[in-house]
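Here's the structure, in structure tokens; my notes come after.
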There are 2 protein chains.
Amino acid sequence: MTATALDDDRTAPASEDDLLSLRLWLQLMKCGKTVEAAAGGQLHREHRQSLARFDVLSQLHRLGGGWQTVGDVAGAVMASSGNITGLLDRMAADGLVKRRANPADRRSHQIAMTDAGRALFDRMAGNHARWIGDALDGVGERDKKRLIELLVKVRRSVENAADPEPPRAHRTTG
Amino acid sequence: MTATALDDDRTAPASEDDLLSLRLWLQLMKCGKTVEAAAGGQLHREHRQSLARFDVLSQLHRLGGGWQTVGDVAGAVMASSGNITGLLDRMAADGLVKRRANPADRRSHQIAMTDAGRALFDRMAGNHARWIGDALDGVGERDKKRLIELLVKVRRSVENAADPEPPRAHRTTG
DNA sequence: CCCATTTATCTTATATGTAAGATATTTACA
DNA sequence: TGTAAATATCTTACATATAAGATAAATGGG
């Protein structure tokens, strides 16, 4: 794996380790995009629903289908407030979810699946899981387990680096 | 790593292996989203540009900055034709790229960076690579190398499962 | 209690993405 | 040659996303 294997960029960063990080970064983005396109395509083809909608329904399904605040759902699916508002508007217009005022906090609204939403999710979930199994058929069980651990490690690293993390000193790498 | 570690879903698919695939899938999506949000945030904060624009400029930079067709750029950044049209429109309006008719094919248009685009990219590239190095500081060199290999394996598996694989073999990914 | 701050959501403007299909051009082949 | 098919891009309609800021309600310190 010498430098000649690298026809992937011309950004020419400084250190050997920055170079490796950049290659990993590119693969993460590329793999993420491929995975998202494939999963989104499957959901659209077979259920006419987006990945974002499936994520929302999954989250609403998790606690048995009870009421959850808009903020809880937004946090779980990593959506911004403006994003989740529009998404839930459209899903409610399609009869998949319902809103109500939060009885404990008048600033807050709550969300739950409708019967139609639950029925749709039940249909999607099993089908999608099977499709995922097929899509990852080329990856061995040992590799899958390793990957899960490594991806969690990456996510932690990125989240920690993104946080200001006030008290501790942090290398700036000038 | 027993089943008790799994508080992440209630979709309850059939087999043990489908379950593992589903967990990997969820981590891939979550990690991808985190990575994309972090990278996009950095580019927006420090350069007021989106990740998509950075990707386009990276691709235009690769072959020394010469003219490339719209289709080449779209393929490299995995954008649809409608998507790339609007993206390039806005980038051209901002003076970052320029268009011309393809002298060899009158259906086709070509794209290149303007001087301003190249100057912007040069500023962004080094800065972004350093930031990535920091963001991945919590992942060891050995893990980075493993991850790159495993991510490529996942991408191949997903792409093969998605393709009908009609008559000829066509390896798009190097 | 009063007020500043925080929190939860919505609004607006805009950017980015897909799907479906139109248009113009090139290519392949009978 | 003529024409069907493929190709490259653009158009349209709409879904999904962010940023910035507005609004309303809860919270906490004086």
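Ligands are numbered from 1 in the order shown, chains are lettered A, B, ... in the order of the structure tokens, and residues start at 1 in each chain.
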
Interface rows for chain A against chain D: nearest pair, Å to one decimal, 9 Å, only C-alpha atoms (C1' of nucleotides), as CSV:
residue,atom,partner,partner_atom,distance
A:Ser50,CA,D:DA15,C1',8.7
A:Ala52,CA,D:DT16,C1',8.3
A:Ala79,CA,D:DA17,C1',8.3
A:Ser80,CA,D:DT18,C1',7.7
A:Gly82,CA,D:DT18,C1',8.3
A:Asn83,CA,D:DA17,C1',6.2
A:Gly86,CA,D:DT16,C1',8.6
A:Leu87,CA,D:DT16,C1',7.7
A:Asp105,CA,D:DA26,C1',7.8
A:Arg106,CA,D:DA25,C1',6.4
A:Arg107,CA,D:DA25,C1',5.2
A:Ser108,CA,D:DA25,C1',8.8

Please write out chain A, superposed on chain B by least squares over all C-alpha atoms matched in order, as a PDB file with C-alpha atoms, in the first residue's frame.
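To be explicit, this is the file written out as result35.pdb:
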ATOM      1  CA  MET A   1     -21.782  -9.622  22.178  1.00  0.00           C
ATOM      2  CA  THR A   2     -24.989 -11.574  22.751  1.00  0.00           C
ATOM      3  CA  ALA A   3     -28.438 -10.781  21.452  1.00  0.00           C
ATOM      4  CA  THR A   4     -29.096  -8.652  24.505  1.00  0.00           C
ATOM      5  CA  ALA A   5     -26.670  -6.057  23.176  1.00  0.00           C
ATOM      6  CA  LEU A   6     -29.152  -5.408  20.441  1.00  0.00           C
ATOM      7  CA  ASP A   7     -31.557  -2.706  21.479  1.00  0.00           C
ATOM      8  CA  ASP A   8     -31.172  -1.056  18.148  1.00  0.00           C
ATOM      9  CA  ASP A   9     -34.087  -2.388  16.129  1.00  0.00           C
ATOM     10  CA  ARG A  10     -37.211  -4.444  16.144  1.00  0.00           C
ATOM     11  CA  THR A  11     -37.155  -5.444  12.523  1.00  0.00           C
ATOM     12  CA  ALA A  12     -36.288  -9.003  13.541  1.00  0.00           C
ATOM     13  CA  PRO A  13     -34.803 -10.401  10.355  1.00  0.00           C
ATOM     14  CA  ALA A  14     -34.268 -14.084   9.849  1.00  0.00           C
ATOM     15  CA  SER A  15     -30.676 -15.273  10.104  1.00  0.00           C
ATOM     16  CA  GLU A  16     -27.822 -14.470  12.464  1.00  0.00           C
ATOM     17  CA  ASP A  17     -25.809 -13.135   9.531  1.00  0.00           C
ATOM     18  CA  ASP A  18     -28.646 -10.881   8.320  1.00  0.00           C
ATOM     19  CA  LEU A  19     -28.767  -9.492  11.825  1.00  0.00           C
ATOM     20  CA  LEU A  20     -25.066  -8.696  11.765  1.00  0.00           C
ATOM     21  CA  SER A  21     -25.415  -7.115   8.342  1.00  0.00           C
ATOM     22  CA  LEU A  22     -28.260  -4.972   9.599  1.00  0.00           C
ATOM     23  CA  ARG A  23     -26.200  -3.763  12.534  1.00  0.00           C
ATOM     24  CA  LEU A  24     -23.323  -2.919  10.221  1.00  0.00           C
ATOM     25  CA  TRP A  25     -25.733  -1.131   7.905  1.00  0.00           C
ATOM     26  CA  LEU A  26     -27.104   1.006  10.714  1.00  0.00           C
ATOM     27  CA  GLN A  27     -23.616   1.947  11.855  1.00  0.00           C
ATOM     28  CA  LEU A  28     -22.591   2.829   8.306  1.00  0.00           C
ATOM     29  CA  MET A  29     -25.564   5.149   7.908  1.00  0.00           C
ATOM     30  CA  LYS A  30     -25.134   6.696  11.326  1.00  0.00           C
ATOM     31  CA  CYS A  31     -21.403   7.216  10.899  1.00  0.00           C
ATOM     32  CA  GLY A  32     -21.867   8.555   7.383  1.00  0.00           C
ATOM     33  CA  LYS A  33     -24.482  11.008   8.547  1.00  0.00           C
ATOM     34  CA  THR A  34     -22.368  12.169  11.482  1.00  0.00           C
ATOM     35  CA  VAL A  35     -19.292  12.600   9.328  1.00  0.00           C
ATOM     36  CA  GLU A  36     -21.203  14.475   6.660  1.00  0.00           C
ATOM     37  CA  ALA A  37     -22.886  16.771   9.151  1.00  0.00           C
ATOM     38  CA  ALA A  38     -19.583  17.544  10.851  1.00  0.00           C
ATOM     39  CA  ALA A  39     -17.694  18.206   7.628  1.00  0.00           C
ATOM     40  CA  GLY A  40     -20.557  20.220   6.144  1.00  0.00           C
ATOM     41  CA  GLY A  41     -20.846  22.228   9.331  1.00  0.00           C
ATOM     42  CA  GLN A  42     -17.165  23.081   9.338  1.00  0.00           C
ATOM     43  CA  LEU A  43     -17.230  24.188   5.695  1.00  0.00           C
ATOM     44  CA  HIS A  44     -20.346  26.264   6.272  1.00  0.00           C
ATOM     45  CA  ARG A  45     -19.053  27.907   9.426  1.00  0.00           C
ATOM     46  CA  GLU A  46     -15.632  28.783   8.090  1.00  0.00           C
ATOM     47  CA  HIS A  47     -16.248  29.265   4.384  1.00  0.00           C
ATOM     48  CA  ARG A  48     -20.013  29.542   3.834  1.00  0.00           C
ATOM     49  CA  GLN A  49     -19.844  26.728   1.308  1.00  0.00           C
ATOM     50  CA  SER A  50     -21.533  23.335   1.140  1.00  0.00           C
ATOM     51  CA  LEU A  51     -19.842  19.958   0.998  1.00  0.00           C
ATOM     52  CA  ALA A  52     -21.207  19.508  -2.517  1.00  0.00           C
ATOM     53  CA  ARG A  53     -19.513  22.695  -3.667  1.00  0.00           C
ATOM     54  CA  PHE A  54     -16.236  21.638  -2.059  1.00  0.00           C
ATOM     55  CA  ASP A  55     -16.468  18.288  -3.838  1.00  0.00           C
ATOM     56  CA  VAL A  56     -17.002  20.019  -7.175  1.00  0.00           C
ATOM     57  CA  LEU A  57     -14.032  22.322  -6.642  1.00  0.00           C
ATOM     58  CA  SER A  58     -11.877  19.353  -5.554  1.00  0.00           C
ATOM     59  CA  GLN A  59     -12.717  17.533  -8.731  1.00  0.00           C
ATOM     60  CA  LEU A  60     -12.031  20.590 -10.886  1.00  0.00           C
ATOM     61  CA  HIS A  61      -8.703  20.960  -9.094  1.00  0.00           C
ATOM     62  CA  ARG A  62      -7.587  17.410  -9.703  1.00  0.00           C
ATOM     63  CA  LEU A  63      -6.488  17.644 -13.315  1.00  0.00           C
ATOM     64  CA  GLY A  64      -4.693  20.902 -12.761  1.00  0.00           C
ATOM     65  CA  GLY A  65      -7.804  23.007 -13.133  1.00  0.00           C
ATOM     66  CA  GLY A  66      -8.430  22.428 -16.837  1.00  0.00           C
ATOM     67  CA  TRP A  67     -11.806  22.122 -18.535  1.00  0.00           C
ATOM     68  CA  GLN A  68     -13.903  19.067 -17.677  1.00  0.00           C
ATOM     69  CA  THR A  69     -17.287  18.049 -19.006  1.00  0.00           C
ATOM     70  CA  VAL A  70     -20.355  18.337 -16.809  1.00  0.00           C
ATOM     71  CA  GLY A  71     -20.677  14.574 -16.950  1.00  0.00           C
ATOM     72  CA  ASP A  72     -17.157  14.012 -15.662  1.00  0.00           C
ATOM     73  CA  VAL A  73     -17.808  16.236 -12.670  1.00  0.00           C
ATOM     74  CA  ALA A  74     -21.217  14.715 -12.008  1.00  0.00           C
ATOM     75  CA  GLY A  75     -19.742  11.221 -12.058  1.00  0.00           C
ATOM     76  CA  ALA A  76     -16.888  12.144  -9.743  1.00  0.00           C
ATOM     77  CA  VAL A  77     -19.140  13.669  -7.099  1.00  0.00           C
ATOM     78  CA  MET A  78     -21.943  11.125  -7.595  1.00  0.00           C
ATOM     79  CA  ALA A  79     -24.535  13.739  -8.520  1.00  0.00           C
ATOM     80  CA  SER A  80     -27.472  13.233 -10.849  1.00  0.00           C
ATOM     81  CA  SER A  81     -27.738  15.312 -14.007  1.00  0.00           C
ATOM     82  CA  GLY A  82     -30.482  17.522 -12.653  1.00  0.00           C
ATOM     83  CA  ASN A  83     -28.581  17.981  -9.429  1.00  0.00           C
ATOM     84  CA  ILE A  84     -25.303  18.985 -11.060  1.00  0.00           C
ATOM     85  CA  THR A  85     -27.026  21.439 -13.384  1.00  0.00           C
ATOM     86  CA  GLY A  86     -28.468  23.449 -10.528  1.00  0.00           C
ATOM     87  CA  LEU A  87     -25.338  23.185  -8.425  1.00  0.00           C
ATOM     88  CA  LEU A  88     -23.138  24.493 -11.253  1.00  0.00           C
ATOM     89  CA  ASP A  89     -25.688  27.227 -12.025  1.00  0.00           C
ATOM     90  CA  ARG A  90     -25.444  28.545  -8.483  1.00  0.00           C
ATOM     91  CA  MET A  91     -21.673  28.192  -8.342  1.00  0.00           C
ATOM     92  CA  ALA A  92     -21.372  30.043 -11.646  1.00  0.00           C
ATOM     93  CA  ALA A  93     -23.697  32.763 -10.349  1.00  0.00           C
ATOM     94  CA  ASP A  94     -21.348  33.102  -7.374  1.00  0.00           C
ATOM     95  CA  GLY A  95     -18.375  33.379  -9.725  1.00  0.00           C
ATOM     96  CA  LEU A  96     -16.707  30.136  -8.620  1.00  0.00           C
ATOM     97  CA  VAL A  97     -16.854  28.224 -11.904  1.00  0.00           C
ATOM     98  CA  LYS A  98     -17.284  29.037 -15.594  1.00  0.00           C
ATOM     99  CA  ARG A  99     -18.933  27.160 -18.459  1.00  0.00           C
ATOM    100  CA  ARG A 100     -18.137  26.851 -22.142  1.00  0.00           C
ATOM    101  CA  ALA A 101     -19.347  24.727 -25.026  1.00  0.00           C
ATOM    102  CA  ASN A 102     -17.330  21.581 -25.605  1.00  0.00           C
ATOM    103  CA  PRO A 103     -15.476  22.185 -28.881  1.00  0.00           C
ATOM    104  CA  ALA A 104     -15.392  18.446 -29.584  1.00  0.00           C
ATOM    105  CA  ASP A 105     -19.060  17.637 -28.926  1.00  0.00           C
ATOM    106  CA  ARG A 106     -21.843  20.118 -29.333  1.00  0.00           C
ATOM    107  CA  ARG A 107     -24.128  18.283 -26.914  1.00  0.00           C
ATOM    108  CA  SER A 108     -21.642  18.790 -24.129  1.00  0.00           C
ATOM    109  CA  HIS A 109     -20.615  21.650 -21.886  1.00  0.00           C
ATOM    110  CA  GLN A 110     -17.349  22.057 -20.031  1.00  0.00           C
ATOM    111  CA  ILE A 111     -16.562  23.497 -16.627  1.00  0.00           C
ATOM    112  CA  ALA A 112     -13.504  25.012 -14.982  1.00  0.00           C
ATOM    113  CA  MET A 113     -12.719  27.000 -11.852  1.00  0.00           C
ATOM    114  CA  THR A 114     -12.493  30.751 -12.096  1.00  0.00           C
ATOM    115  CA  ASP A 115      -9.585  32.505 -10.395  1.00  0.00           C
ATOM    116  CA  ALA A 116     -11.915  33.266  -7.502  1.00  0.00           C
ATOM    117  CA  GLY A 117     -12.928  29.608  -7.342  1.00  0.00           C
ATOM    118  CA  ARG A 118      -9.323  28.482  -7.271  1.00  0.00           C
ATOM    119  CA  ALA A 119      -8.454  31.006  -4.576  1.00  0.00           C
ATOM    120  CA  LEU A 120     -11.389  29.853  -2.466  1.00  0.00           C
ATOM    121  CA  PHE A 121     -10.493  26.202  -2.922  1.00  0.00           C
ATOM    122  CA  ASP A 122      -6.874  26.791  -1.935  1.00  0.00           C
ATOM    123  CA  ARG A 123      -8.064  28.434   1.253  1.00  0.00           C
ATOM    124  CA  MET A 124     -10.562  25.673   1.997  1.00  0.00           C
ATOM    125  CA  ALA A 125      -8.411  22.667   1.222  1.00  0.00           C
ATOM    126  CA  GLY A 126      -5.640  23.095   3.762  1.00  0.00           C
ATOM    127  CA  ASN A 127      -8.002  24.275   6.448  1.00  0.00           C
ATOM    128  CA  HIS A 128     -10.379  21.383   5.911  1.00  0.00           C
ATOM    129  CA  ALA A 129      -7.598  18.792   5.878  1.00  0.00           C
ATOM    130  CA  ARG A 130      -6.308  20.064   9.203  1.00  0.00           C
ATOM    131  CA  TRP A 131      -9.809  19.975  10.654  1.00  0.00           C
ATOM    132  CA  ILE A 132     -10.234  16.398   9.463  1.00  0.00           C
ATOM    133  CA  GLY A 133      -6.978  15.448  11.128  1.00  0.00           C
ATOM    134  CA  ASP A 134      -8.337  16.797  14.388  1.00  0.00           C
ATOM    135  CA  ALA A 135     -11.705  15.106  13.979  1.00  0.00           C
ATOM    136  CA  LEU A 136     -10.034  11.716  13.466  1.00  0.00           C
ATOM    137  CA  ASP A 137      -7.542  12.222  16.226  1.00  0.00           C
ATOM    138  CA  GLY A 138      -9.249   9.575  18.346  1.00  0.00           C
ATOM    139  CA  VAL A 139      -8.641   6.834  15.777  1.00  0.00           C
ATOM    140  CA  GLY A 140      -5.244   5.134  15.690  1.00  0.00           C
ATOM    141  CA  GLU A 141      -3.125   4.874  12.561  1.00  0.00           C
ATOM    142  CA  ARG A 142      -3.526   1.111  12.395  1.00  0.00           C
ATOM    143  CA  ASP A 143      -7.313   1.421  12.685  1.00  0.00           C
ATOM    144  CA  LYS A 144      -7.410   4.062   9.980  1.00  0.00           C
ATOM    145  CA  LYS A 145      -5.598   1.815   7.536  1.00  0.00           C
ATOM    146  CA  ARG A 146      -7.841  -1.120   8.373  1.00  0.00           C
ATOM    147  CA  LEU A 147     -10.924   1.038   7.985  1.00  0.00           C
ATOM    148  CA  ILE A 148      -9.915   2.250   4.557  1.00  0.00           C
ATOM    149  CA  GLU A 149      -9.535  -1.310   3.352  1.00  0.00           C
ATOM    150  CA  LEU A 150     -12.797  -2.440   4.884  1.00  0.00           C
ATOM    151  CA  LEU A 151     -14.767   0.518   3.527  1.00  0.00           C
ATOM    152  CA  VAL A 152     -13.499  -0.200   0.029  1.00  0.00           C
ATOM    153  CA  LYS A 153     -14.588  -3.793   0.496  1.00  0.00           C
ATOM    154  CA  VAL A 154     -18.075  -2.692   1.553  1.00  0.00           C
ATOM    155  CA  ARG A 155     -18.397  -0.317  -1.366  1.00  0.00           C
ATOM    156  CA  ARG A 156     -17.405  -3.026  -3.833  1.00  0.00           C
ATOM    157  CA  SER A 157     -19.887  -5.439  -2.302  1.00  0.00           C
ATOM    158  CA  VAL A 158     -22.738  -2.943  -2.470  1.00  0.00           C
ATOM    159  CA  GLU A 159     -21.902  -1.883  -6.007  1.00  0.00           C
ATOM    160  CA  ASN A 160     -21.701  -5.460  -7.206  1.00  0.00           C
ATOM    161  CA  ALA A 161     -24.989  -6.361  -5.548  1.00  0.00           C
ATOM    162  CA  ALA A 162     -26.657  -3.288  -7.043  1.00  0.00           C
ATOM    163  CA  ASP A 163     -25.529  -4.069 -10.568  1.00  0.00           C
ATOM    164  CA  PRO A 164     -27.732  -6.401 -12.578  1.00  0.00           C
ATOM    165  CA  GLU A 165     -24.563  -8.218 -13.683  1.00  0.00           C
ATOM    166  CA  PRO A 166     -26.435 -10.078 -16.409  1.00  0.00           C
ATOM    167  CA  PRO A 167     -24.580 -13.323 -17.217  1.00  0.00           C
ATOM    168  CA  ARG A 168     -23.726 -14.681 -13.763  1.00  0.00           C
ATOM    169  CA  ALA A 169     -26.058 -16.507 -11.429  1.00  0.00           C
ATOM    170  CA  HIS A 170     -26.823 -14.705  -8.184  1.00  0.00           C
ATOM    171  CA  ARG A 171     -28.208 -16.005  -4.951  1.00  0.00           C
ATOM    172  CA  THR A 172     -31.674 -14.637  -4.252  1.00  0.00           C
ATOM    173  CA  THR A 173     -31.946 -15.775  -0.635  1.00  0.00           C
ATOM    174  CA  GLY A 174     -35.641 -16.449  -0.670  1.00  0.00           C
TER     175      GLY A 174
END

request  = Output the contact residues of chain C with respect to chain B at a cut-off of 7 Å, based on only C-alpha atoms (C1' of nucleotides), as a PyMOL selection string.
outcome  = chain C and resi 17+24-25

Can you write just those residues out, C-alpha atoms (C1' of nucleotides), as a compact mmCIF listing (two decimals), in the first residue's frame?
# COMPACT_ATOMS: atom_id res chain seq x y z
C1' DG C 17 -31.71 15.89 -3.48
C1' DA C 24 -31.28 17.44 -28.74
C1' DT C 25 -27.72 14.72 -30.48

message = What parts of region 21-174 of chain B does DSSP call alpha helix (DSSP H)? I'd like the answer as a ChimeraX atom specification.
response = /B:21-47,51-62,70-76,81-93,115-135,141-162
